[in-house]
Every structure is written in C-alpha cells, then in structure tokens.
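Chemist: My structure is below; once you've seen it, I'll send some questions.
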Amino acid sequence: MNTDRLLSLAISDTGFIFDPNTGFPFNANSTGIEIIKYLKENKDISEIIDIFLEEYDISKKDELESDIMDFVQHLKNYYLIT
C-alpha cells in the first residue's frame, strides 16, 4: 500500500484534514486520525488492528477489522492511498 500522499496532509486536532495536492478538505474522527497516523508510520492493517486491540477494550475483532478496512477504503476512494 502506497501511503506517500498521506505525508502531505494537514491535519488539525479537531479532525479537519486538508489535502494540499487537490485542495480538498476532509473530516475524520479521532479514530480515523489515529489510523492515518499509523499508516503514515508505514504500519500495515494487521499491525493497526493489534495496536487498537491492545490499547482499547475491544471485544469484537471482526468488527474492528471491518471498520478499519472501511476507513482505508474511503482513503483509497479519495486517492490518498493506493
């Protein structure tokens, strides 16, 4: 997965994201911002899932994986990752 475009994003603490390459703004919640942070650190999906399982009281790993994959798909739809 190529995450180079994520490196140029401007991200505020409130979840406002600006892509200077396209001029498009986006919004994400704190979980989405955290996922972007880990992707920028070149962590793969399985590593991100493991981090969330360790840090938070999550009992449904399948739901977590599905939610993360949905968010990643949104990033792909906006061409922020390929």
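By order of appearance in the structure tokens: chains A, B, ..., then residues from 1 within every chain, and ligands from 1 in the order shown.
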Can you list, as a ChimeraX atom specification, every residue of chain A that DSSP puts in helix (DSSP H, G or I)?
Modeler: /A:4-8,30-40,45-55,61-77
Chemist: How would you write, as a PDB file with N, CA and C atoms, in the first residue's frame, the set of residues in segment 16-72 of chain A that DSSP gives as strand (DSSP E)?
Modeler:
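Below is the file that was written, result-v9.pdb:
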```pdb
ATOM      1  N   PHE A  16     -10.074  18.096  11.154  1.00  0.00           N
ATOM      2  CA  PHE A  16     -10.129  18.695   9.822  1.00  0.00           C
ATOM      3  C   PHE A  16      -8.859  18.307   9.080  1.00  0.00           C
ATOM      4  N   ILE A  17      -9.019  17.766   7.879  1.00  0.00           N
ATOM      5  CA  ILE A  17      -7.890  17.313   7.073  1.00  0.00           C
ATOM      6  C   ILE A  17      -7.923  18.068   5.753  1.00  0.00           C
ATOM      7  N   PHE A  18      -6.779  18.581   5.356  1.00  0.00           N
ATOM      8  CA  PHE A  18      -6.674  19.292   4.093  1.00  0.00           C
ATOM      9  C   PHE A  18      -5.615  18.619   3.230  1.00  0.00           C
ATOM     10  N   ASP A  19      -5.983  18.313   1.991  1.00  0.00           N
ATOM     11  CA  ASP A  19      -5.055  17.723   1.033  1.00  0.00           C
ATOM     12  C   ASP A  19      -4.544  18.839   0.134  1.00  0.00           C
ATOM     13  N   PHE A  24      -8.765  19.589  -1.578  1.00  0.00           N
ATOM     14  CA  PHE A  24      -9.978  19.053  -0.960  1.00  0.00           C
ATOM     15  C   PHE A  24      -9.838  18.950   0.556  1.00  0.00           C
ATOM     16  N   PRO A  25     -10.875  19.366   1.275  1.00  0.00           N
ATOM     17  CA  PRO A  25     -10.895  19.179   2.725  1.00  0.00           C
ATOM     18  C   PRO A  25     -11.651  17.887   3.076  1.00  0.00           C
ATOM     19  N   PHE A  26     -11.306  17.314   4.194  1.00  0.00           N
ATOM     20  CA  PHE A  26     -11.967  16.114   4.706  1.00  0.00           C
ATOM     21  C   PHE A  26     -12.136  16.279   6.207  1.00  0.00           C
ATOM     22  N   ASN A  27     -12.968  15.447   6.781  1.00  0.00           N
ATOM     23  CA  ASN A  27     -13.115  15.384   8.230  1.00  0.00           C
ATOM     24  C   ASN A  27     -12.972  13.934   8.666  1.00  0.00           C
TER      25      ASN A  27
END
```
Chemist: Skipping near chain neighbours, those fewer than 3 positions away, what residues fall within 12 Å of Tyr78 of chain A using only C-alpha atoms, listed as an MDAnalysis selection string?
Modeler: chainID A and resid 5:6 18:19 21:26 71:75 81:82
Chemist: What does the structure give for the distance between atom CA of Leu64 of chain A and atom CA of Ser12 of chain A, in Å to one decimal?
Modeler: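 Here the two named atoms are 24.3 Å from each other.
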Chemist: When you draw a straight line from atom CA of Tyr38 of chain A to atom CA of Ser59 of chain A, how long is it in Å?
Modeler: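 Separation between atom CA of Tyr38 of chain A and atom CA of Ser59 of chain A: 21.1 Å.
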Chemist: Compare A:Asn77, A:Gly32, A:Ile68, A:Lys60 by their minimum atom-to-atom distance to Glu47 of chain A, counting only C-alpha atoms, and give me the closest one.
Modeler: A:Ile68
Chemist: Near Ile33 of chain A, counting only C-alpha atoms, which residues have an atom at most 9 Å away, once you skip same-chain residues fewer than 3 positions from it, shown as an MDAnalysis selection string?
Modeler: chainID A and resid 11 13 15 17 28:30 36:38
Chemist: Quick one: distance from atom CA of Glu55 of chain A to atom CA of Thr3 of chain A in Å, one decimal?
Modeler: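 Interatomic distance here is 23.5 Å.
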Chemist: Of the candidates A:Asp67, A:Ile51, A:Leu80, A:Asp62, which one gets nearest to Met1 of chain A if we count only C-alpha atoms?
Modeler: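 Comparing A:Asp67, A:Ile51, A:Leu80, A:Asp62 against Met1 of chain A, the winner is A:Leu80.
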